[in-house]
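Listing of run_4.tsv; format and content: TSV, C-alpha atoms and all ligand atoms.
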chain	number	residue	atom	x	y	z
S	383	MET	CA	84.72	72.75	92.94
S	384	SER	CA	85.16	74.35	89.52
S	385	LYS	CA	87.11	77.58	89.30
S	386	ILE	CA	85.21	80.68	90.36
S	387	GLU	CA	86.91	83.69	88.86
S	388	ILE	CA	87.05	87.16	90.41
S	389	SER	CA	85.59	88.89	87.32
S	390	GLU	CA	83.60	88.15	84.17
S	391	VAL	CA	84.16	90.06	80.94
S	392	LYS	CA	82.36	88.11	78.24
S	393	LEU	CA	80.43	90.15	75.71
S	394	THR	CA	77.04	88.86	74.53
S	395	GLU	CA	76.48	87.85	70.91
S	396	GLU	CA	74.39	91.04	70.48
S	397	GLU	CA	77.26	93.21	71.76
S	398	ILE	CA	79.73	91.47	69.47
S	399	GLN	CA	77.31	91.91	66.54
S	400	ALA	CA	76.94	95.63	67.33
S	401	ALA	CA	80.74	95.99	67.14
S	402	VAL	CA	80.89	93.96	63.90
S	403	ASP	CA	78.21	96.16	62.32
S	404	VAL	CA	80.35	99.23	63.02
S	405	LEU	CA	83.49	97.49	61.70
S	406	ARG	CA	81.62	96.58	58.50
S	407	SER	CA	80.34	100.13	58.08
S	408	GLY	CA	83.90	101.48	58.01
S	409	ASN	CA	82.88	104.22	60.42
S	410	LEU	CA	85.64	103.51	62.93
S	411	ARG	CA	86.12	106.94	64.50
S	412	GLN	CA	84.00	108.84	67.04
S	413	ASN	CA	80.69	109.32	65.28
S	414	GLY	CA	76.98	108.65	65.53
S	415	GLN	CA	77.30	105.68	67.91
S	416	CYS	CA	79.21	107.87	70.37
S	417	ASP	CA	76.57	110.62	70.12
S	418	ALA	CA	73.79	108.10	70.78
S	419	PHE	CA	75.73	106.46	73.65
S	420	GLU	CA	76.14	109.91	75.27
S	421	ARG	CA	72.42	110.69	74.98
S	422	GLU	CA	71.35	107.27	76.29
S	423	PHE	CA	73.82	107.31	79.19
S	424	ALA	CA	72.83	110.85	80.23
S	425	SER	CA	69.19	109.90	80.12
S	426	MET	CA	69.78	106.72	82.16
S	427	VAL	CA	71.60	108.53	85.00
S	428	GLY	CA	69.58	111.75	84.83
S	429	ALA	CA	72.45	114.08	83.90
S	430	ASP	CA	72.12	117.08	81.57
S	431	HIS	CA	75.24	116.16	79.55
S	432	ALA	CA	77.40	113.09	79.01
S	433	LEU	CA	80.62	112.89	77.06
S	434	THR	CA	82.36	109.74	75.83
S	435	CYS	CA	86.15	109.52	76.02
S	436	ALA	CA	89.05	107.14	75.66
S	437	ASN	CA	89.06	105.65	79.19
S	438	GLY	CA	88.36	106.44	82.83
S	439	THR	CA	91.76	108.05	83.33
S	440	ALA	CA	91.06	110.42	80.41
S	441	SER	CA	87.67	111.25	81.93
S	442	LEU	CA	89.37	112.45	85.12
S	443	HIS	CA	92.06	114.29	83.14
S	444	LEU	CA	89.45	116.12	81.04
S	445	ALA	CA	87.51	117.08	84.16
S	446	TYR	CA	90.54	118.55	85.94
S	447	MET	CA	91.96	120.23	82.82
S	448	SER	CA	88.70	122.12	82.40
S	449	PHE	CA	88.99	124.07	85.66
S	450	LEU	CA	92.16	123.39	87.70
S	451	LYS	CA	94.89	126.07	88.00
S	452	PRO	CA	98.55	125.28	88.75
S	453	GLY	CA	99.05	124.64	92.46
S	454	ASP	CA	95.36	124.11	93.22
S	455	GLU	CA	94.78	121.42	95.82
S	456	VAL	CA	92.24	118.60	95.52
S	457	LEU	CA	91.11	116.45	98.47
S	458	VAL	CA	91.44	112.80	97.38
S	459	PRO	CA	90.82	109.64	99.43
S	460	SER	CA	94.09	107.74	99.64
S	461	PHE	CA	92.39	104.35	99.33
S	462	THR	CA	91.53	104.22	95.60
S	463	PHE	CA	93.01	103.45	92.18
S	464	LEU	CA	96.03	105.52	91.16
S	465	ALA	CA	94.27	107.65	88.52
S	466	THR	CA	92.04	109.40	91.08
S	467	GLY	CA	95.18	111.11	92.39
S	468	SER	CA	97.53	111.07	89.42
S	469	MET	CA	95.19	112.98	87.11
S	470	VAL	CA	95.11	115.86	89.61
S	471	ALA	CA	98.91	116.00	89.47
S	472	MET	CA	98.97	115.61	85.67
S	473	SER	CA	96.65	118.63	85.44
S	474	GLY	CA	99.03	120.82	87.44
S	475	GLY	CA	97.30	120.42	90.80
S	476	ARG	CA	98.24	118.69	94.00
S	477	PRO	CA	96.27	115.74	95.36
S	478	VAL	CA	95.96	116.07	99.14
S	479	PHE	CA	95.42	112.57	100.45
S	480	CYS	CA	92.75	111.96	103.08
S	481	ASP	CA	92.00	108.95	105.23
S	482	ILE	CA	88.90	106.77	104.86
S	483	ASP	CA	86.08	105.62	107.10
S	484	PRO	CA	86.94	102.09	108.37
S	485	GLN	CA	83.38	100.80	107.79
S	486	THR	CA	82.34	102.24	104.43
S	487	LEU	CA	85.96	102.52	103.14
S	488	LEU	CA	84.97	105.90	101.63
S	489	ILE	CA	86.54	109.34	102.12
S	490	ASP	CA	86.44	110.48	105.77
S	491	LEU	CA	85.13	114.05	105.55
S	492	GLY	CA	86.26	114.70	109.15
S	493	ASP	CA	89.84	113.96	108.11
S	494	ALA	CA	89.40	115.93	104.85
S	495	GLU	CA	88.23	118.93	106.88
S	496	LYS	CA	91.62	119.12	108.64
S	497	ARG	CA	93.41	119.26	105.29
S	498	VAL	CA	91.53	122.20	103.76
S	499	THR	CA	93.75	125.21	102.99
S	500	GLU	CA	93.25	128.45	101.07
S	501	ARG	CA	94.50	126.56	97.96
S	502	THR	CA	91.87	123.81	98.14
S	503	ARG	CA	89.80	123.99	94.97
S	504	ALA	CA	88.03	120.65	94.69
S	505	ILE	CA	87.15	117.38	96.36
S	506	ALA	CA	87.22	113.99	94.61
S	507	PRO	CA	84.97	111.48	96.39
S	508	VAL	CA	85.25	107.92	95.05
S	509	HIS	CA	82.27	105.55	95.13
S	510	LEU	CA	84.72	102.81	96.01
S	511	PHE	CA	83.77	99.29	94.87
S	512	GLY	CA	80.35	100.74	93.91
S	513	ASN	CA	79.46	101.98	97.42
S	514	PRO	CA	77.84	105.42	96.98
S	515	VAL	CA	79.31	108.28	99.00
S	516	ASP	CA	76.83	110.35	101.07
S	517	ALA	CA	76.07	113.06	98.49
S	518	ASP	CA	74.37	115.41	100.95
S	519	ALA	CA	77.40	115.43	103.25
S	520	VAL	CA	79.69	116.10	100.27
S	521	ALA	CA	77.42	118.88	98.96
S	522	GLU	CA	77.41	120.55	102.39
S	523	PHE	CA	81.21	120.22	102.68
S	524	ALA	CA	81.78	121.55	99.15
S	525	ALA	CA	79.41	124.50	99.65
S	526	ARG	CA	81.04	125.45	102.98
S	527	HIS	CA	84.54	125.48	101.41
S	528	ASN	CA	83.47	126.66	97.96
S	529	LEU	CA	84.77	123.53	96.21
S	530	ILE	CA	84.10	121.86	92.88
S	531	VAL	CA	83.21	118.15	93.18
S	532	VAL	CA	84.83	115.62	90.83
S	533	TRP	CA	83.10	112.31	91.53
S	534	ASP	CA	85.05	109.18	90.65
S	535	ALA	CA	82.30	106.75	89.61
S	536	ALA	CA	84.63	104.42	87.67
S	537	GLN	CA	83.34	101.51	89.76
S	538	ALA	CA	79.78	102.70	90.31
S	539	HIS	CA	77.64	102.34	87.17
S	540	GLY	CA	74.08	101.96	88.44
S	541	ALA	CA	74.79	102.93	92.06
S	542	SER	CA	72.39	105.41	93.63
S	543	TRP	CA	72.16	107.51	96.74
S	544	ALA	CA	68.83	108.68	98.20
S	545	ASN	CA	67.05	107.47	95.05
S	546	ARG	CA	69.31	109.46	92.73
S	547	ASP	CA	71.70	107.81	90.32
S	548	VAL	CA	75.28	108.83	91.18
S	549	GLY	CA	75.69	110.09	87.60
S	550	SER	CA	73.30	112.96	88.25
S	551	PHE	CA	75.30	114.54	91.08
S	552	GLY	CA	76.58	117.65	89.39
S	553	ASP	CA	79.94	119.17	88.53
S	554	PHE	CA	81.75	116.11	87.11
S	555	VAL	CA	80.99	112.38	87.37
S	556	CYS	CA	83.73	110.23	85.80
S	557	TYR	CA	83.22	106.63	84.64
S	558	SER	CA	85.41	103.85	83.23
S	559	PHE	CA	84.35	101.00	80.94
S	560	TYR	CA	87.53	98.97	81.45
S	561	PRO	CA	87.07	95.17	81.39
S	562	SER	CA	86.19	94.05	84.95
S	563	LYS	CA	84.02	97.13	85.56
S	564	ASN	CA	80.22	96.84	85.89
S	565	MET	CA	80.02	98.03	82.27
S	566	PHE	CA	82.87	97.06	79.97
S	567	VAL	CA	83.54	97.92	76.35
S	568	GLY	CA	87.34	97.46	76.19
S	569	GLU	CA	88.85	100.88	76.82
S	570	GLY	CA	86.35	103.68	77.35
S	571	GLY	CA	85.15	106.41	79.66
S	572	MET	CA	82.26	108.83	80.18
S	573	ILE	CA	81.88	112.12	82.02
S	574	CYS	CA	78.49	113.39	83.15
S	575	THR	CA	77.92	117.01	84.08
S	576	ASN	CA	74.99	119.35	84.61
S	577	ASN	CA	77.11	122.37	83.68
S	578	PRO	CA	76.97	123.29	79.94
S	579	GLU	CA	80.22	125.27	80.15
S	580	TYR	CA	82.17	122.29	81.53
S	581	ASP	CA	80.59	120.11	78.86
S	582	GLN	CA	81.74	122.46	76.08
S	583	LYS	CA	85.24	122.83	77.54
S	584	MET	CA	85.72	119.08	77.83
S	585	ARG	CA	84.47	118.54	74.27
S	586	LEU	CA	87.17	120.94	73.07
S	587	LEU	CA	89.89	119.38	75.23
S	588	ARG	CA	88.88	115.89	74.07
S	589	SER	CA	89.79	116.67	70.48
S	590	HIS	CA	92.83	118.97	70.22
S	591	GLY	CA	90.92	122.11	71.17
S	592	GLU	CA	89.45	122.13	67.65
S	593	SER	CA	86.49	124.50	67.48
S	594	GLY	CA	86.23	124.41	63.64
S	595	LYS	CA	87.94	122.40	60.90
S	596	TYR	CA	91.68	122.78	61.64
S	597	LEU	CA	90.92	125.72	63.90
S	598	HIS	CA	92.49	125.09	67.32
S	599	THR	CA	91.59	127.52	70.07
S	600	VAL	CA	92.95	125.73	73.18
S	601	LEU	CA	95.56	123.04	73.82
S	602	GLY	CA	93.96	119.63	74.00
S	603	PHE	CA	94.33	115.89	73.54
S	604	ASN	CA	93.02	113.07	71.44
S	605	TYR	CA	90.86	111.41	74.10
S	606	ARG	CA	88.05	110.32	71.80
S	607	MET	CA	86.19	107.01	72.06
S	608	THR	CA	85.53	105.15	68.80
S	609	ASP	CA	82.14	104.07	67.50
S	610	VAL	CA	83.12	100.41	68.02
S	611	GLU	CA	83.22	100.78	71.81
S	612	ALA	CA	80.19	103.06	71.82
S	613	ALA	CA	78.13	100.47	69.92
S	614	ILE	CA	79.07	97.81	72.50
S	615	GLY	CA	78.26	100.24	75.33
S	616	ARG	CA	74.84	101.08	73.89
S	617	ARG	CA	73.95	97.40	73.67
S	618	GLN	CA	75.27	96.78	77.17
S	619	LEU	CA	73.12	99.53	78.67
S	620	LEU	CA	70.17	97.27	77.85
S	621	ARG	CA	71.40	94.62	80.29
S	622	LEU	CA	72.99	96.82	82.98
S	623	ASP	CA	70.01	96.46	85.33
S	624	GLN	CA	70.03	92.71	84.90
S	625	MET	CA	73.79	92.51	85.58
S	626	LEU	CA	73.41	94.72	88.66
S	627	ALA	CA	70.55	92.58	89.96
S	628	ARG	CA	72.84	89.53	89.74
S	629	ARG	CA	75.62	91.33	91.58
S	630	ARG	CA	73.19	92.46	94.30
S	631	ALA	CA	71.69	88.97	94.72
S	632	ASN	CA	75.19	87.49	94.98
S	633	ALA	CA	76.27	90.15	97.49
S	634	GLN	CA	73.24	89.34	99.62
S	635	VAL	CA	74.18	85.65	99.70
S	636	LEU	CA	77.78	86.51	100.60
S	637	SER	CA	76.71	88.90	103.38
S	638	ALA	CA	74.16	86.48	104.85
S	639	GLY	CA	76.69	83.64	104.83
S	640	LEU	CA	79.71	85.53	106.06
S	641	GLU	CA	78.42	87.98	108.65
S	642	SER	CA	78.44	85.50	111.50
S	643	ILE	CA	82.04	84.40	110.88
S	644	PRO	CA	84.34	85.96	113.51
S	645	GLY	CA	87.17	88.06	112.10
S	646	LEU	CA	85.47	89.01	108.80
S	647	ARG	CA	83.87	92.40	108.19
S	648	ALA	CA	82.29	93.36	104.85
S	649	GLN	CA	82.35	96.91	103.46
S	650	LYS	CA	79.34	98.70	104.97
S	651	THR	CA	76.90	100.25	102.50
S	652	THR	CA	76.23	103.93	103.18
S	653	ARG	CA	72.87	104.90	104.68
S	654	GLN	CA	70.53	105.68	101.73
S	655	GLY	CA	73.03	104.10	99.35
S	656	VAL	CA	72.26	101.36	96.82
S	657	HIS	CA	75.57	99.59	96.25
S	658	ALA	CA	76.58	98.52	92.72
S	659	TRP	CA	78.92	95.78	94.02
S	660	HIS	CA	81.76	96.24	91.57
S	661	GLN	CA	83.74	94.42	94.26
S	662	TYR	CA	82.64	92.60	97.40
S	663	CYS	CA	85.39	93.36	99.90
S	664	LEU	CA	86.07	91.92	103.32
S	665	VAL	CA	88.42	93.24	105.96
S	666	VAL	CA	90.10	90.24	107.59
S	667	ASP	CA	91.12	90.23	111.25
S	668	GLY	CA	93.72	87.46	111.08
S	669	ASP	CA	93.75	86.75	114.84
S	670	GLN	CA	90.01	86.28	115.06
S	671	PHE	CA	89.55	84.52	111.74
S	672	GLY	CA	92.47	82.18	112.27
S	673	CYS	CA	94.47	83.15	109.21
S	674	SER	CA	95.67	86.36	107.60
S	675	ARG	CA	94.26	88.06	104.49
S	676	ASP	CA	97.05	86.58	102.36
S	677	GLY	CA	96.52	83.18	103.97
S	678	LEU	CA	92.82	83.33	103.16
S	679	ALA	CA	93.56	84.26	99.53
S	680	GLU	CA	95.93	81.31	99.22
S	681	ARG	CA	93.50	78.84	100.80
S	682	LEU	CA	90.67	80.07	98.56
S	683	LYS	CA	92.90	79.59	95.52
S	684	GLN	CA	93.52	75.98	96.57
S	685	ARG	CA	89.74	75.56	96.64
S	686	GLY	CA	89.30	77.01	93.15
S	687	VAL	CA	88.00	80.41	94.26
S	688	GLY	CA	89.65	83.58	92.93
S	689	SER	CA	90.09	86.69	95.07
S	690	GLY	CA	91.85	90.04	94.71
S	691	VAL	CA	93.59	92.70	96.76
S	692	HIS	CA	92.26	96.16	95.97
S	693	TYR	CA	94.42	97.92	97.00
S	694	PRO	CA	97.65	96.70	98.60
S	695	ARG	CA	98.70	100.28	99.51
S	696	GLY	CA	97.19	103.71	99.79
S	697	LEU	CA	98.08	106.35	97.21
S	698	HIS	CA	100.15	108.19	99.83
S	699	GLN	CA	102.27	105.01	100.08
S	700	GLN	CA	102.89	104.83	96.31
S	701	PRO	CA	106.55	105.60	95.52
S	702	VAL	CA	105.55	108.21	92.95
S	703	PHE	CA	103.58	110.26	95.49
S	704	GLU	CA	106.07	109.71	98.32
S	705	GLN	CA	108.75	111.17	96.03
S	706	LEU	CA	106.56	114.10	95.05
S	707	TYR	CA	105.04	115.01	98.41
S	708	GLY	CA	107.07	113.23	101.12
S	709	PRO	CA	105.89	110.76	103.76
S	710	LEU	CA	102.39	110.84	105.22
S	711	SER	CA	100.60	108.61	107.73
S	712	LEU	CA	96.93	107.65	107.19
S	713	PRO	CA	96.30	104.81	109.66
S	714	VAL	CA	92.89	103.57	108.48
S	715	THR	CA	94.01	103.42	104.85
S	716	GLU	CA	97.21	101.60	105.80
S	717	LYS	CA	95.46	99.04	108.00
S	718	THR	CA	92.76	98.45	105.35
S	719	ALA	CA	95.38	97.94	102.63
S	720	GLU	CA	96.98	95.19	104.75
S	721	THR	CA	93.74	93.34	105.51
S	722	ILE	CA	91.31	93.76	102.60
S	723	LEU	CA	90.27	90.98	100.23
S	724	ALA	CA	87.77	91.01	97.34
S	725	LEU	CA	85.63	87.90	96.75
S	726	PRO	CA	83.84	86.98	93.49
S	727	VAL	CA	80.46	88.77	93.21
S	728	HIS	CA	80.20	89.48	89.47
S	729	HIS	CA	77.17	89.13	87.20
S	730	GLY	CA	78.47	85.86	85.72
S	731	LEU	CA	78.02	84.05	89.06
S	732	THR	CA	74.86	82.27	90.09
S	733	VAL	CA	73.50	82.36	93.62
S	734	ASP	CA	74.77	78.77	93.98
S	735	ASP	CA	78.26	79.95	93.03
S	736	ALA	CA	78.01	82.65	95.70
S	737	ARG	CA	76.97	79.96	98.23
S	738	ALA	CA	80.00	77.93	97.16
S	739	VAL	CA	82.22	80.95	97.82
S	740	VAL	CA	80.74	81.26	101.33
S	741	GLU	CA	81.35	77.58	101.98
S	742	ALA	CA	84.95	77.86	100.74
S	743	VAL	CA	85.59	80.82	103.05
S	744	ARG	CA	84.17	78.85	105.99
S	745	GLN	CA	86.53	75.99	105.24
S	746	CYS	CA	89.51	78.37	105.30
S	747	ARG	CA	89.07	79.27	108.99
S	748	GLY	CA	91.61	78.46	111.69
Q	801	LIG	C1	88.44	104.30	90.99
Q	801	LIG	C2	89.00	104.33	89.59
Q	801	LIG	N1	89.27	105.51	89.02
Q	801	LIG	C3	89.75	105.60	87.77
Q	801	LIG	C4	90.02	104.48	87.02
Q	801	LIG	C5	90.64	104.62	85.66
Q	801	LIG	O1	89.90	104.03	84.64
Q	801	LIG	P1	90.59	103.44	83.31
Q	801	LIG	O2	91.29	102.18	83.69
Q	801	LIG	O3	89.46	103.22	82.37
Q	801	LIG	O4	91.54	104.46	82.82
Q	801	LIG	C6	89.75	103.21	87.56
Q	801	LIG	C7	90.02	101.99	86.80
Q	801	LIG	O5	90.51	101.01	87.28
Q	801	LIG	C8	89.23	103.13	88.89
Q	801	LIG	O6	88.97	101.95	89.45
Show this structure as structure tokens.
Amino acid sequence: MSKIEISEVKLTEEEIQAAVDVLRSGNLRQNGQCDAFEREFASMVGADHALTCANGTASLHLAYMSFLKPGDEVLVPSFTFLATGSMVAMSGGRPVFCDIDPQTLLIDLGDAEKRVTERTRAIAPVHLFGNPVDADAVAEFAARHNLIVVWDAAQAHGASWANRDVGSFGDFVCYSFYPSKNMFVGEGGMICTNNPEYDQKMRLLRSHGESGKYLHTVLGFNYRMTDVEAAIGRRQLLRLDQMLARRRANAQVLSAGLESIPGLRAQKTTRQGVHAWHQYCLVVDGDQFGCSRDGLAERLKQRGVGSGVHYPRGLHQQPVFEQLYGPLSLPVTEKTAETILALPVHHGLTVDDARAVVEAVRQCRG
């Protein structure tokens, strides 16, 4: 079997040409392409405002810097990429790590409830691997505790919940365009919001707090995107639906082929959710399947099939957070981190490739 990679990051000729046109124009900084990308992205997801920025990490930083006060606490699922938690800390707040639901692998609001204090200011649900979080449950939780919601949609371009694109959900929705994501421009990020004040604040923070030429009214950063990435992003928006359709068709083949295999359990899509399949993740029960997660990864590699471990530890198990906040036990996160494996599902795969992945997994049993 030829090698089936875990991700696909090739730009189309049209996307490359769009970047070349900007390079030729000499307009390398944030400019008209960024403005147009913001308008088109906002319109696609149904948000009032969208703001380009340097990367997904910067999008989270800008969101938190626009409202968080020192010592404020933010409820963060422990099973996610580092930046979901680290940007809270870098903005002067404290991420309070919560456990996840073992089926959906998304924040467990029951566990989060136990961690609410008088300092809790926000909640940061992550649409992990593209699986949309139940937005009604989050809205009810946030309203009851008077919290701001910072959605981490870095992996969820095109995901929807109850027929609404996840980008339309409200306070802050943060995206990444890092290679390997469902949309990829190199380095890049976007924040959607329906709140004009947050939009204005983040625009100031994005560019040194400059409200007029060399007039700086707040402390800020240089977190701007350039027109090169924006031009690629605009072109890529035109094929996002097509790329998502491929991911969804591949996920369907994987699910149909794998669900009867003892010892394997795929991430469960939330009720009313339309998954964007950034990753297709299995939880492996080594005793039932006949080999461990790491054993399966190794056997797949021998058969020319790539796989990935996202993530090998929860954020509460990261040395940086253990040093800052001390030890914490979150059993579902810890067990998931030991047993999870991502299989190829990306838009570059055909349905036949997905079938070949299923067959390779079957051969790895016992
Ligand atoms: C869930 C999540 N949040 C935030 C980020 C940060 O995005 P970036 O790598 O563009 O800074 C990522 C990227 O891997 C991510 O997966």
Determine the axis-aligned bounding box of all atoms of segment 394-409 of chain S present in the file, pad each side by 5 Å, and express its centre and edge lengths in Å to one decimal place as AutoDock Vina command-line options.
--center_x 79.1 --center_y 96.0 --center_z 66.3 --size_x 19.5 --size_y 26.4 --size_z 26.5
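The closest residue to ligand LIG 801 (chain Q), picked from S:Gly540, S:Gly408, S:Pro507, S:Gly571 and counting all atoms listed in the file, is S:Gly571.
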Test item: residues no farther than 10 Å from ligand LIG 801 (chain Q), counting all atoms listed in the file, as JSON, numbers by chain: {"S": [435, 436, 437, 438, 439, 440, 441, 442, 443, 461, 462, 463, 464, 465, 466, 467, 468, 469, 507, 508, 509, 510, 511, 512, 533, 534, 535, 536, 537, 538, 556, 557, 558, 559, 560, 561, 562, 563, 566, 567, 568, 569, 570, 571, 572, 660, 692]}
Take the residues that were just selected and, keeping C-alpha atoms, output them as a PDB file, in the coordinates of the input.
ATOM      1  CA  CYS S 435      86.150 109.520  76.020  1.00  0.00           C
ATOM      2  CA  ALA S 436      89.050 107.140  75.660  1.00  0.00           C
ATOM      3  CA  ASN S 437      89.060 105.650  79.190  1.00  0.00           C
ATOM      4  CA  GLY S 438      88.360 106.440  82.830  1.00  0.00           C
ATOM      5  CA  THR S 439      91.760 108.050  83.330  1.00  0.00           C
ATOM      6  CA  ALA S 440      91.060 110.420  80.410  1.00  0.00           C
ATOM      7  CA  SER S 441      87.670 111.250  81.930  1.00  0.00           C
ATOM      8  CA  LEU S 442      89.370 112.450  85.120  1.00  0.00           C
ATOM      9  CA  HIS S 443      92.060 114.290  83.140  1.00  0.00           C
ATOM     10  CA  PHE S 461      92.390 104.350  99.330  1.00  0.00           C
ATOM     11  CA  THR S 462      91.530 104.220  95.600  1.00  0.00           C
ATOM     12  CA  PHE S 463      93.010 103.450  92.180  1.00  0.00           C
ATOM     13  CA  LEU S 464      96.030 105.520  91.160  1.00  0.00           C
ATOM     14  CA  ALA S 465      94.270 107.650  88.520  1.00  0.00           C
ATOM     15  CA  THR S 466      92.040 109.400  91.080  1.00  0.00           C
ATOM     16  CA  GLY S 467      95.180 111.110  92.390  1.00  0.00           C
ATOM     17  CA  SER S 468      97.530 111.070  89.420  1.00  0.00           C
ATOM     18  CA  MET S 469      95.190 112.980  87.110  1.00  0.00           C
ATOM     19  CA  PRO S 507      84.970 111.480  96.390  1.00  0.00           C
ATOM     20  CA  VAL S 508      85.250 107.920  95.050  1.00  0.00           C
ATOM     21  CA  HIS S 509      82.270 105.550  95.130  1.00  0.00           C
ATOM     22  CA  LEU S 510      84.720 102.810  96.010  1.00  0.00           C
ATOM     23  CA  PHE S 511      83.770  99.290  94.870  1.00  0.00           C
ATOM     24  CA  GLY S 512      80.350 100.740  93.910  1.00  0.00           C
ATOM     25  CA  TRP S 533      83.100 112.310  91.530  1.00  0.00           C
ATOM     26  CA  ASP S 534      85.050 109.180  90.650  1.00  0.00           C
ATOM     27  CA  ALA S 535      82.300 106.750  89.610  1.00  0.00           C
ATOM     28  CA  ALA S 536      84.630 104.420  87.670  1.00  0.00           C
ATOM     29  CA  GLN S 537      83.340 101.510  89.760  1.00  0.00           C
ATOM     30  CA  ALA S 538      79.780 102.700  90.310  1.00  0.00           C
ATOM     31  CA  CYS S 556      83.730 110.230  85.800  1.00  0.00           C
ATOM     32  CA  TYR S 557      83.220 106.630  84.640  1.00  0.00           C
ATOM     33  CA  SER S 558      85.410 103.850  83.230  1.00  0.00           C
ATOM     34  CA  PHE S 559      84.350 101.000  80.940  1.00  0.00           C
ATOM     35  CA  TYR S 560      87.530  98.970  81.450  1.00  0.00           C
ATOM     36  CA  PRO S 561      87.070  95.170  81.390  1.00  0.00           C
ATOM     37  CA  SER S 562      86.190  94.050  84.950  1.00  0.00           C
ATOM     38  CA  LYS S 563      84.020  97.130  85.560  1.00  0.00           C
ATOM     39  CA  PHE S 566      82.870  97.060  79.970  1.00  0.00           C
ATOM     40  CA  VAL S 567      83.540  97.920  76.350  1.00  0.00           C
ATOM     41  CA  GLY S 568      87.340  97.460  76.190  1.00  0.00           C
ATOM     42  CA  GLU S 569      88.850 100.880  76.820  1.00  0.00           C
ATOM     43  CA  GLY S 570      86.350 103.680  77.350  1.00  0.00           C
ATOM     44  CA  GLY S 571      85.150 106.410  79.660  1.00  0.00           C
ATOM     45  CA  MET S 572      82.260 108.830  80.180  1.00  0.00           C
ATOM     46  CA  HIS S 660      81.760  96.240  91.570  1.00  0.00           C
ATOM     47  CA  HIS S 692      92.260  96.160  95.970  1.00  0.00           C
TER      48      HIS S 692
END
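For the residues S:Glu720, S:Cys746, S:Val665, S:Leu444, ranking by smallest atom-to-atom distance to Lys583 of chain S using all atoms listed in the file places S:Leu444 first.
We find atom CA of Ala504 of chain S and atom CA of Tyr707 of chain S to be spaced 18.3 Å apart.
Straight-line separation from atom CA of Ser473 of chain S to atom CA of Glu500 of chain S: 18.8 Å.
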Shell of 12 Å around Met426 of chain S, only C-alpha atoms, local chain residues under 6 positions omitted, as a PyMOL selection string: chain S and resi 419-420+432+539-542+546-550+574+616+619-620+622-623
Å distance separating atom CA of Leu450 of chain S from atom CA of Phe423 of chain S, one decimal place: 25.8 Å
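You can rank S:Asp735, S:Glu741, S:Glu704, S:Glu611 by their closest distance to Gln412 of chain S using all atoms listed in the file, and at the top of that list sits S:Glu611.
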Point (89.6, 72.2, 101.8) neighbourhood (10 Å, only C-alpha atoms) written as a PyMOL selection string: chain S and resi 681-682+684-686+741-746
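Among the candidates S:Asp518, S:Val610, S:Ser425, S:Leu723, the one nearest to Ser407 of chain S when counting all atoms listed in the file is S:Val610.
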Within 12 Å of segment 399-404 of chain S using all atoms listed in the file, minus same-chain residues under 6 positions, as an mmCIF file with C-alpha atoms, in the coordinates of the input:
data_model
loop_
_atom_site.group_PDB
_atom_site.id
_atom_site.type_symbol
_atom_site.label_atom_id
_atom_site.label_comp_id
_atom_site.auth_asym_id
_atom_site.auth_seq_id
_atom_site.Cartn_x
_atom_site.Cartn_y
_atom_site.Cartn_z
ATOM 1 C CA LEU S 393 80.430 90.150 75.710
ATOM 2 C CA LEU S 410 85.640 103.510 62.930
ATOM 3 C CA ARG S 411 86.120 106.940 64.500
ATOM 4 C CA GLN S 412 84.000 108.840 67.040
ATOM 5 C CA ASN S 413 80.690 109.320 65.280
ATOM 6 C CA GLY S 414 76.980 108.650 65.530
ATOM 7 C CA GLN S 415 77.300 105.680 67.910
ATOM 8 C CA CYS S 416 79.210 107.870 70.370
ATOM 9 C CA VAL S 567 83.540 97.920 76.350
ATOM 10 C CA GLY S 568 87.340 97.460 76.190
ATOM 11 C CA THR S 608 85.530 105.150 68.800
ATOM 12 C CA ASP S 609 82.140 104.070 67.500
ATOM 13 C CA VAL S 610 83.120 100.410 68.020
ATOM 14 C CA GLU S 611 83.220 100.780 71.810
ATOM 15 C CA ALA S 612 80.190 103.060 71.820
ATOM 16 C CA ALA S 613 78.130 100.470 69.920
ATOM 17 C CA ILE S 614 79.070 97.810 72.500
ATOM 18 C CA GLY S 615 78.260 100.240 75.330
ATOM 19 C CA ARG S 616 74.840 101.080 73.890
ATOM 20 C CA ARG S 617 73.950 97.400 73.670
ATOM 21 C CA GLN S 618 75.270 96.780 77.170
#
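Proximity of S:Arg628, S:Arg621, S:Arg476, S:Arg747 to Ala506 of chain S, computed with all atoms listed in the file, is greatest for S:Arg476.
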